[in-house]
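Engineer: Provided herewith is a single structure, encoded as structure tokens, for subsequent inquiry.
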Amino acid sequence: MVKRDSMIKDSALAPEGKLKIDWVKQHMPILGEIHREFSKSKPFAGLNIAICLHLEAKTAYLAQVLHDAGAQVAISGSNPLSTQDDVAAALAESGVIVNAWHGCTPEEYMGLLEASADIGPDLIIDDGGDLVHLLHNELRVHLPRILGGSEETTTGLHRLRGMAARGDLQFPMIAANDAYCKHLFDNRYGTGQSTWDGIMRTTNLVIAGKTVVVAGYGWCGRGVAMRAKGLGANVIVTEINPIRALEALMDGFRVMPMEEAARFGQIFVTLTGCKDVITKEHFIAMGDGAILANAGHFDVEISKPDLESLAVRTRRVRESVQEYELSDGKRLYLLGEGRLVNLACADGHPVEIMDLSFAIQALSLEYLVLHGKALANEVIEVPEEVDNWVARLKLAADGVTIDSLSKDQMRYLEGGE
């Protein structure tokens with residue numbers, strides 16, 4: 001394999017990044033078990049893996065696990081503001097090719113992603129679909145060798161399923177996001193906690209007593225609404241899906257259209273995966289001091305062009321807080337440039353949560369090595385045995401045991417006496 005140089009901001013930052021990676025290793029027992037096994041069995045020996053994920057300490061450990069399993073690994077960040085430069089520097093020292101730095105421009109972002117894809121991947125891990133899109137357009141030369149990949153997010157799966165429906169997808173992609181051990185915990189508990197971590201760190205404001213508007217009641221929205229309620233907020237949910245809206249209502253939340261919710265909200269959090277969730281008419285209806293945060297994958301849910309068109313003055317009032325003053329004197333505050341607030345303004349999901357998600361990712365790639373050539377070019381579900389194995393490892397790590405069926409019970413459930 002040809003060793004390529006990393007493209008990072010500052011290699012001198014590596015010692016601090018190594019401390020961060022060492023910390024997460026201590027709290028990721030499932031990935032640690034996989035690391036020990038893969039270091040012996042080398043399931044990815046001779047293969048190239050390209051990764052597009054939020055590049056912080058937990059992701060760095062996943063990349064090291066895959067590297068120690070025999071692969072040449074190249075990684076780029078999936079968001080210009082989520083890369084931690086000290087972690088990138090430390091990861092580069094461990095033998096992984098790192099192409100990422102914090103605050104890169106959109107043009108630099110695509111160039112860094114292209115640099116990682118240029119290793120000629122056999123396997124990929126994507127977060128949001130940018131890497132898949134690049135490989136299906138500008139870098140189609142690499143398509144014939146790709147066994148498949150795994151997608152981390154709901155947004156990415158929306159894009160993949162659209163490609164598959166049109167017959168455009170050229171290799172199988174495993175829906176890591178849809179694994180029970182991913183979306184039930186990562187999306188709900190991970191997003192729920194880390195979103196509020198980002199908002200509270202950045203604003204230093206109390207949540208209790210405020211009215212919070214949560215746009216979207218998927219697993220991420222459920223988690224954010226649940227944590228807001230626990231913090232003492234009054235929660236309003238906006239939805240387009242009648243079943244999810246009914247669920248939110250029965251969970252004890254007020255449900256209404258965004259047009260109406262805009263008049264009441266003090267903190268707005270978008271988690272839909274769609275664009276233009278909060279737009280000009282909503283900004284006009286909001287009260288002075290409203291805080292705008294996005295926890296969906298791309299920075300299009302809160303319309304920044306509309307916000308800028310309404311503003312007569314803008315200024316940075318705190319780190320990652322941009323104030324927009326409207327003509328009537330009202331001030332609205334956008335956090336983290338409208339990008340993922342839990343990563344742009346904090347450290348992302350808790351370590352133990354990502355232990356589950358990244359275990360799913362590592363085992364999904366192993367599944368592709370074993371079965372990828374026989375799979376159709378479509379979105380593939382994570383095998384149930386992988387999900388169950390990860391859950392059992394987590395329970396064991398937490399010192400929890402559960403019941404098992406007796407032979408008589410198994411016969412009964414199978415229709416016997």
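In the structure tokens, each chain is lettered A, B, ... as it comes, each chain's residues begin at 1, and ligands are numbered from 1 in order of appearance.
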Can you pull out every residue within 9 Å of Gly17 (chain A), counting only C-alpha atoms, but drop anything in the same chain fewer than 6 positions away, and send it as a ChimeraX atom specification?

Structural biologist: /A:56-57,84-91

Engineer: Could you write out the selected residues, including N, CA and C atoms, as a short mmCIF file (atom, residue, chain, number, x, y, z; two decimals), in the first residue's frame?

Structural biologist:
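The result, written out as out03.cif:
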data_model
loop_
_atom_site.label_atom_id
_atom_site.label_comp_id
_atom_site.auth_asym_id
_atom_site.auth_seq_id
_atom_site.Cartn_x
_atom_site.Cartn_y
_atom_site.Cartn_z
N GLU A 56 -13.57 13.64 15.92
CA GLU A 56 -13.19 13.92 17.30
C GLU A 56 -12.71 12.61 17.92
N ALA A 57 -12.50 12.58 19.24
CA ALA A 57 -11.76 11.48 19.85
C ALA A 57 -12.40 10.12 19.65
N GLN A 84 -11.71 18.32 15.49
CA GLN A 84 -10.86 18.81 16.57
C GLN A 84 -9.41 18.65 16.12
N ASP A 85 -8.71 19.75 15.97
CA ASP A 85 -7.39 19.73 15.37
C ASP A 85 -6.37 18.94 16.19
N ASP A 86 -6.49 18.95 17.50
CA ASP A 86 -5.54 18.17 18.30
C ASP A 86 -5.76 16.68 18.12
N VAL A 87 -7.02 16.27 18.00
CA VAL A 87 -7.31 14.86 17.76
C VAL A 87 -6.83 14.45 16.37
N ALA A 88 -7.04 15.30 15.39
CA ALA A 88 -6.57 15.01 14.03
C ALA A 88 -5.06 14.80 14.02
N ALA A 89 -4.34 15.64 14.75
CA ALA A 89 -2.88 15.52 14.79
C ALA A 89 -2.44 14.22 15.46
N ALA A 90 -3.10 13.86 16.56
CA ALA A 90 -2.75 12.63 17.26
C ALA A 90 -3.06 11.41 16.41
N LEU A 91 -4.18 11.45 15.71
CA LEU A 91 -4.58 10.32 14.88
C LEU A 91 -3.60 10.13 13.73
#

Engineer: Check the smallest atom-to-atom distance from each of A:Leu335, A:Ile97, A:Leu62, A:Ile49 to His35 (chain A) using only C-alpha atoms, then report the winner.

Structural biologist: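 Closest to His35 (chain A), using only C-alpha atoms: A:Leu62.
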
Engineer: Could you produce a table of the residues of region 282-387 of chain A lying within 12 Å of region 103-120 of chain A, with the nearest pair of atoms per residue and their separation in Å rounded to one decimal, using only C-alpha atoms, ordered by chain and increasing residue number, as JSON lines?

Structural biologist:
{"residue": "A:Ser320", "atom": "CA", "partner": "A:Gly103", "partner_atom": "CA", "distance": 11.8}
{"residue": "A:Gly336", "atom": "CA", "partner": "A:Gly103", "partner_atom": "CA", "distance": 11.2}
{"residue": "A:Glu337", "atom": "CA", "partner": "A:Gly103", "partner_atom": "CA", "distance": 11.1}
{"residue": "A:Arg339", "atom": "CA", "partner": "A:Gly103", "partner_atom": "CA", "distance": 11.7}
{"residue": "A:Ala344", "atom": "CA", "partner": "A:Gly103", "partner_atom": "CA", "distance": 9.9}

Engineer: In Å, how far is it from CA of Asp68 (chain A) to CA of Val379 (chain A)?

Structural biologist: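 Pair CA of Asp68 (chain A) / CA of Val379 (chain A) returns 27.5 Å.
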